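Student: I'm passing along coords_23.pdb; it holds PDB, C-alpha atoms.
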ATOM      1  CA  MET A 778      57.430  79.995  87.539  1.00  0.00           C
ATOM      2  CA  ASP A 779      60.795  79.221  89.054  1.00  0.00           C
ATOM      3  CA  THR A 780      60.206  78.293  92.688  1.00  0.00           C
ATOM      4  CA  LEU A 781      63.888  77.949  93.470  1.00  0.00           C
ATOM      5  CA  SER A 782      64.302  81.711  93.427  1.00  0.00           C
ATOM      6  CA  TYR A 783      62.022  82.003  96.449  1.00  0.00           C
ATOM      7  CA  LYS A 784      64.052  79.764  98.726  1.00  0.00           C
ATOM      8  CA  THR A 785      65.822  81.348 101.638  1.00  0.00           C
ATOM      9  CA  SER A 786      69.522  80.680 101.650  1.00  0.00           C
ATOM     10  CA  TYR A 787      71.317  80.472 104.975  1.00  0.00           C
ATOM     11  CA  VAL A 788      74.979  81.067 105.583  1.00  0.00           C
ATOM     12  CA  ASN A 789      77.012  78.668 107.693  1.00  0.00           C
ATOM     13  CA  LYS A 790      80.486  78.960 109.165  1.00  0.00           C
ATOM     14  CA  GLU A 791      82.168  77.645 106.015  1.00  0.00           C
ATOM     15  CA  THR A 792      80.293  79.808 103.505  1.00  0.00           C
ATOM     16  CA  ALA A 793      80.387  83.071 105.490  1.00  0.00           C
ATOM     17  CA  GLN A 794      82.445  85.706 103.723  1.00  0.00           C
ATOM     18  CA  LYS A 795      84.188  87.507 106.545  1.00  0.00           C
ATOM     19  CA  GLU A 796      86.322  90.575 105.892  1.00  0.00           C
ATOM     20  CA  TRP A 797      88.717  92.649 107.954  1.00  0.00           C
ATOM     21  CA  VAL A 798      87.821  96.315 108.377  1.00  0.00           C
ATOM     22  CA  VAL A 799      89.533  99.205 110.153  1.00  0.00           C
ATOM     23  CA  VAL A 800      87.491 101.894 111.901  1.00  0.00           C
ATOM     24  CA  ASP A 801      89.063 105.136 113.108  1.00  0.00           C
ATOM     25  CA  ALA A 802      87.422 106.284 116.350  1.00  0.00           C
ATOM     26  CA  THR A 803      88.925 109.780 116.420  1.00  0.00           C
ATOM     27  CA  ASP A 804      86.344 112.335 117.647  1.00  0.00           C
ATOM     28  CA  MET A 805      83.455 109.877 117.353  1.00  0.00           C
ATOM     29  CA  VAL A 806      80.711 109.598 119.967  1.00  0.00           C
ATOM     30  CA  LEU A 807      81.154 106.341 121.875  1.00  0.00           C
ATOM     31  CA  GLY A 808      77.600 104.997 121.710  1.00  0.00           C
ATOM     32  CA  ARG A 809      77.028 105.791 118.041  1.00  0.00           C
ATOM     33  CA  LEU A 810      80.330 104.205 117.120  1.00  0.00           C
ATOM     34  CA  ALA A 811      79.533 101.131 119.210  1.00  0.00           C
ATOM     35  CA  THR A 812      76.134 100.544 117.579  1.00  0.00           C
ATOM     36  CA  ARG A 813      77.647 100.538 114.109  1.00  0.00           C
ATOM     37  CA  VAL A 814      80.553  98.344 115.190  1.00  0.00           C
ATOM     38  CA  ALA A 815      78.090  95.890 116.757  1.00  0.00           C
ATOM     39  CA  LYS A 816      76.174  95.737 113.475  1.00  0.00           C
ATOM     40  CA  LEU A 817      79.430  95.095 111.590  1.00  0.00           C
ATOM     41  CA  LEU A 818      80.378  92.322 114.013  1.00  0.00           C
ATOM     42  CA  ARG A 819      76.938  90.771 113.677  1.00  0.00           C
ATOM     43  CA  GLY A 820      76.893  91.016 109.869  1.00  0.00           C
ATOM     44  CA  LYS A 821      73.640  92.946 109.652  1.00  0.00           C
ATOM     45  CA  TYR A 822      74.861  95.093 106.752  1.00  0.00           C
ATOM     46  CA  LYS A 823      75.287  92.024 104.538  1.00  0.00           C
ATOM     47  CA  PRO A 824      72.474  90.712 102.339  1.00  0.00           C
ATOM     48  CA  SER A 825      73.338  87.174 103.466  1.00  0.00           C
ATOM     49  CA  PHE A 826      72.748  87.906 107.179  1.00  0.00           C
ATOM     50  CA  THR A 827      71.835  84.836 109.192  1.00  0.00           C
ATOM     51  CA  PRO A 828      70.809  85.479 112.815  1.00  0.00           C
ATOM     52  CA  HIS A 829      72.281  82.331 114.386  1.00  0.00           C
ATOM     53  CA  VAL A 830      75.679  82.319 112.595  1.00  0.00           C
ATOM     54  CA  ASP A 831      78.823  84.389 112.993  1.00  0.00           C
ATOM     55  CA  CYS A 832      78.740  85.965 109.522  1.00  0.00           C
ATOM     56  CA  GLY A 833      80.017  89.420 110.486  1.00  0.00           C
ATOM     57  CA  ASP A 834      83.345  91.065 109.816  1.00  0.00           C
ATOM     58  CA  ASN A 835      86.470  91.252 111.944  1.00  0.00           C
ATOM     59  CA  VAL A 836      86.633  94.858 113.148  1.00  0.00           C
ATOM     60  CA  ILE A 837      89.794  96.716 114.151  1.00  0.00           C
ATOM     61  CA  ILE A 838      89.229  99.979 116.029  1.00  0.00           C
ATOM     62  CA  ILE A 839      92.165 102.372 116.097  1.00  0.00           C
ATOM     63  CA  ASN A 840      92.545 105.601 118.097  1.00  0.00           C
ATOM     64  CA  ALA A 841      90.071 104.341 120.702  1.00  0.00           C
ATOM     65  CA  ASP A 842      91.563 106.711 123.272  1.00  0.00           C
ATOM     66  CA  LYS A 843      90.311 109.677 121.215  1.00  0.00           C
ATOM     67  CA  VAL A 844      86.636 108.707 121.458  1.00  0.00           C
ATOM     68  CA  ARG A 845      84.328 111.262 123.052  1.00  0.00           C
ATOM     69  CA  LEU A 846      81.211 111.347 125.177  1.00  0.00           C
ATOM     70  CA  THR A 847      78.661 114.159 125.168  1.00  0.00           C
ATOM     71  CA  GLY A 848      77.605 116.186 128.180  1.00  0.00           C
ATOM     72  CA  LYS A 849      78.876 115.180 131.607  1.00  0.00           C
ATOM     73  CA  LYS A 850      78.892 111.455 130.855  1.00  0.00           C
ATOM     74  CA  TRP A 851      82.642 111.065 131.467  1.00  0.00           C
ATOM     75  CA  ASN A 852      82.041 111.469 135.204  1.00  0.00           C
ATOM     76  CA  GLU A 853      78.299 110.971 135.736  1.00  0.00           C
ATOM     77  CA  ARG A 854      77.637 107.730 133.838  1.00  0.00           C
ATOM     78  CA  VAL A 855      78.121 104.745 136.134  1.00  0.00           C
ATOM     79  CA  TYR A 856      78.931 101.145 135.244  1.00  0.00           C
ATOM     80  CA  TYR A 857      78.494  98.504 137.941  1.00  0.00           C
ATOM     81  CA  THR A 858      80.438  95.315 138.556  1.00  0.00           C
ATOM     82  CA  TYR A 859      79.946  92.723 141.273  1.00  0.00           C
ATOM     83  CA  THR A 860      82.752  90.680 142.775  1.00  0.00           C
ATOM     84  CA  GLY A 861      80.490  87.933 144.092  1.00  0.00           C
ATOM     85  CA  TYR A 862      81.106  88.769 147.745  1.00  0.00           C
ATOM     86  CA  PRO A 863      78.743  90.581 150.115  1.00  0.00           C
ATOM     87  CA  GLY A 864      79.266  94.309 149.684  1.00  0.00           C
ATOM     88  CA  GLY A 865      81.252  93.650 146.523  1.00  0.00           C
ATOM     89  CA  GLN A 866      79.358  95.962 144.197  1.00  0.00           C
ATOM     90  CA  ARG A 867      81.739  98.410 142.525  1.00  0.00           C
ATOM     91  CA  GLU A 868      81.071 101.572 140.549  1.00  0.00           C
ATOM     92  CA  HIS A 869      83.134 102.714 137.576  1.00  0.00           C
ATOM     93  CA  THR A 870      82.822 105.833 135.446  1.00  0.00           C
ATOM     94  CA  PRO A 871      84.118 106.043 131.871  1.00  0.00           C
ATOM     95  CA  ALA A 872      86.845 108.425 133.064  1.00  0.00           C
ATOM     96  CA  SER A 873      88.046 105.943 135.703  1.00  0.00           C
ATOM     97  CA  ILE A 874      88.029 103.085 133.173  1.00  0.00           C
ATOM     98  CA  MET A 875      90.050 105.127 130.663  1.00  0.00           C
ATOM     99  CA  ALA A 876      92.599 106.025 133.362  1.00  0.00           C
ATOM    100  CA  LYS A 877      93.537 102.361 133.842  1.00  0.00           C
ATOM    101  CA  PRO A 878      95.950 100.400 131.617  1.00  0.00           C
ATOM    102  CA  ASN A 879      94.176  99.273 128.414  1.00  0.00           C
ATOM    103  CA  GLY A 880      91.299 101.522 129.465  1.00  0.00           C
ATOM    104  CA  ALA A 881      90.235 102.384 125.922  1.00  0.00           C
ATOM    105  CA  ASP A 882      90.019  98.671 125.080  1.00  0.00           C
ATOM    106  CA  LYS A 883      88.032  97.863 128.234  1.00  0.00           C
ATOM    107  CA  LEU A 884      85.568 100.721 127.743  1.00  0.00           C
ATOM    108  CA  MET A 885      84.978  99.985 124.050  1.00  0.00           C
ATOM    109  CA  ARG A 886      84.505  96.250 124.674  1.00  0.00           C
ATOM    110  CA  ARG A 887      82.082  96.924 127.510  1.00  0.00           C
ATOM    111  CA  VAL A 888      79.906  99.217 125.402  1.00  0.00           C
ATOM    112  CA  VAL A 889      79.923  96.961 122.307  1.00  0.00           C
ATOM    113  CA  LYS A 890      79.255  93.850 124.411  1.00  0.00           C
ATOM    114  CA  GLY A 891      76.025  95.395 125.688  1.00  0.00           C
ATOM    115  CA  MET A 892      74.803  95.709 122.089  1.00  0.00           C
ATOM    116  CA  LEU A 893      75.453  92.077 121.110  1.00  0.00           C
ATOM    117  CA  PRO A 894      73.315  89.014 121.893  1.00  0.00           C
ATOM    118  CA  LYS A 895      73.594  87.746 125.462  1.00  0.00           C
ATOM    119  CA  ASN A 896      74.540  84.165 124.577  1.00  0.00           C
ATOM    120  CA  ARG A 897      77.447  82.105 123.220  1.00  0.00           C
ATOM    121  CA  LEU A 898      77.126  83.750 119.818  1.00  0.00           C
ATOM    122  CA  GLY A 899      77.585  87.186 121.383  1.00  0.00           C
ATOM    123  CA  ALA A 900      80.763  86.051 123.131  1.00  0.00           C
ATOM    124  CA  GLN A 901      82.058  84.614 119.859  1.00  0.00           C
ATOM    125  CA  LEU A 902      81.255  87.856 118.009  1.00  0.00           C
ATOM    126  CA  LEU A 903      83.068  89.918 120.632  1.00  0.00           C
ATOM    127  CA  SER A 904      86.227  87.913 119.970  1.00  0.00           C
ATOM    128  CA  ASN A 905      86.204  89.379 116.422  1.00  0.00           C
ATOM    129  CA  LEU A 906      86.746  92.882 117.848  1.00  0.00           C
ATOM    130  CA  TYR A 907      90.274  94.292 118.140  1.00  0.00           C
ATOM    131  CA  VAL A 908      90.714  97.636 119.898  1.00  0.00           C
ATOM    132  CA  TYR A 909      93.908  99.722 119.933  1.00  0.00           C
ATOM    133  CA  ALA A 910      94.493 103.062 121.646  1.00  0.00           C
ATOM    134  CA  GLY A 911      96.970 104.306 119.041  1.00  0.00           C
ATOM    135  CA  SER A 912      96.886 104.471 115.273  1.00  0.00           C
ATOM    136  CA  GLU A 913      99.021 101.331 114.777  1.00  0.00           C
ATOM    137  CA  HIS A 914      97.738  97.753 114.719  1.00  0.00           C
ATOM    138  CA  PRO A 915      99.470  94.397 114.111  1.00  0.00           C
ATOM    139  CA  HIS A 916      96.898  93.082 111.610  1.00  0.00           C
ATOM    140  CA  ALA A 917      98.502  94.342 108.399  1.00  0.00           C
ATOM    141  CA  GLY A 918      98.884  90.740 107.199  1.00  0.00           C
ATOM    142  CA  GLN A 919      95.097  90.425 106.868  1.00  0.00           C
ATOM    143  CA  SER A 920      95.069  93.498 104.582  1.00  0.00           C
ATOM    144  CA  PRO A 921      92.083  95.187 106.242  1.00  0.00           C
ATOM    145  CA  LYS A 922      90.173  97.859 104.389  1.00  0.00           C
ATOM    146  CA  ALA A 923      89.531 101.208 106.028  1.00  0.00           C
ATOM    147  CA  ILE A 924      85.877 102.195 106.069  1.00  0.00           C
ATOM    148  CA  ASP A 925      84.063 105.347 107.083  1.00  0.00           C
ATOM    149  CA  ILE A 926      81.631 104.189 109.733  1.00  0.00           C
ATOM    150  CA  ASN A 927      79.476 107.300 109.241  1.00  0.00           C
ATOM    151  CA  THR A 928      78.400 106.151 105.769  1.00  0.00           C
ATOM    152  CA  LEU A 929      76.767 102.995 107.175  1.00  0.00           C
ATOM    153  CA  LYS A 930      73.082 103.226 107.996  1.00  0.00           C
TER     154      LYS A 930
END
Mind converting the file's structure to structure tokens?
Tutor:
Amino acid sequence: MDTLSYKTSYVNKETAQKEWVVVDATDMVLGRLATRVAKLLRGKYKPSFTPHVDCGDNVIIINADKVRLTGKKWNERVYYTYTGYPGGQREHTPASIMAKPNGADKLMRRVVKGMLPKNRLGAQLLSNLYVYAGSEHPHAGQSPKAIDINTLK
């Protein structure tokens, strides 16, 4: 019996095979898109997934301004921030975030960040996310492949 076949192999930063992928967010529900993007960033779709290593892909989201929310969530969902001062708690709705400059980027990052680990690894994984409101992106040199996020489980 070959016992070497039963050994668990871990991926490290040098042996991780990271790819560049493009996801089109047109008419996709924000939360469902964000869960799949978070799994791509984490590397959970890969057979060589290692929980404590950045082994996920670099994800480019285009058309982030065309994402949709169901029901009345554009105006009734509330995100809170705190300035650090007394009385400094602020409320933001998705509609108010999207109205600001780079609003699609800020909203998408906020939702995906909540689905990543709350530690240094999560912050490192979030830096592999690139969000653009239009259909153009400056990462053509990395030759990213376009994937259909709905086919991922």
Student: Of the candidates A:Ile839, A:Val830, A:Ala793, A:Val806, which shows the shortest atom-to-atom distance to A:Ile924, using only C-alpha atoms?
Tutor: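 Comparing A:Ile839, A:Val830, A:Ala793, A:Val806 against A:Ile924, the winner is A:Ile839.
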Student: Please evaluate the PyMOL selection byres ((chain A and resi 811-823) around 7) against the displayed coordinates and give the resulting residues as an MDAnalysis selection string.
Tutor: chainID A and resid 807:810 824:826 831:836 888:889 892:893 902 905 926
Student: Determine the residue membership of the PyMOL selection byres ((chain A and resi 914) around 12) for the file above and supply it as a short mmCIF file (atom, residue, chain, number, x, y, z; two decimals) with C-alpha atoms, in the frame of the given file.
Tutor:
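Writing done, so here's selection36.cif:
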data_model
loop_
_atom_site.label_atom_id
_atom_site.label_comp_id
_atom_site.auth_asym_id
_atom_site.auth_seq_id
_atom_site.Cartn_x
_atom_site.Cartn_y
_atom_site.Cartn_z
CA VAL A 798 87.82 96.32 108.38
CA VAL A 799 89.53 99.20 110.15
CA VAL A 800 87.49 101.89 111.90
CA ASP A 801 89.06 105.14 113.11
CA VAL A 836 86.63 94.86 113.15
CA ILE A 837 89.79 96.72 114.15
CA ILE A 838 89.23 99.98 116.03
CA ILE A 839 92.16 102.37 116.10
CA ASN A 840 92.54 105.60 118.10
CA ALA A 841 90.07 104.34 120.70
CA TYR A 907 90.27 94.29 118.14
CA VAL A 908 90.71 97.64 119.90
CA TYR A 909 93.91 99.72 119.93
CA ALA A 910 94.49 103.06 121.65
CA GLY A 911 96.97 104.31 119.04
CA SER A 912 96.89 104.47 115.27
CA GLU A 913 99.02 101.33 114.78
CA PRO A 915 99.47 94.40 114.11
CA HIS A 916 96.90 93.08 111.61
CA ALA A 917 98.50 94.34 108.40
CA GLY A 918 98.88 90.74 107.20
CA GLN A 919 95.10 90.42 106.87
CA SER A 920 95.07 93.50 104.58
CA PRO A 921 92.08 95.19 106.24
#
Student: Quick one: residues within 12 Å of (89.7, 99.9, 132.6) (file frame), counting all atoms listed in the file, please, as a list in words.
Tutor: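 Checking each residue against the 12 Å limit leaves Asp842, Tyr856, Thr858, Glu868, His869, Thr870, Pro871, Ala872, Ser873, Ile874, Met875, Ala876, Lys877, Pro878, Asn879, Gly880, Ala881, Asp882, Lys883, Leu884, Met885, Arg886 and Arg887 of chain A.
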Student: As an exercise, work out the distance from atom CA of A:Ala802 to atom CA of A:Lys850 in Å and give it to one decimal place.
Tutor: 17.6 Å
Student: Quick one: distance from atom CA of A:Lys930 to atom CA of A:Arg897 in Å, one decimal?
Tutor: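 Atom CA of A:Arg897 lies at a distance of 26.4 Å from atom CA of A:Lys930.
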Student: Rounded to one decimal in Å, what is the spacing between atom CA of A:Val788 and atom CA of A:Leu906?
Tutor: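 Distance between the two atoms: 20.7 Å.
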Student: Pick the closest to A:Pro828 from A:Tyr787, A:Lys843, A:Lys890, A:Leu903: which is it, counting only C-alpha atoms?
Tutor: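 Looking at the shortest contact to A:Pro828, the residue is A:Tyr787.
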Student: Using only the atoms of stretch 896-899 of chain A listed in the file, plus 8 Å on each side, state the axis-aligned box centre and edge lengths in Å rounded to one decimal, as JSON.
Tutor:
{"center_x": 76.1, "center_y": 84.6, "center_z": 122.2, "size_x": 19.0, "size_y": 21.1, "size_z": 20.8}
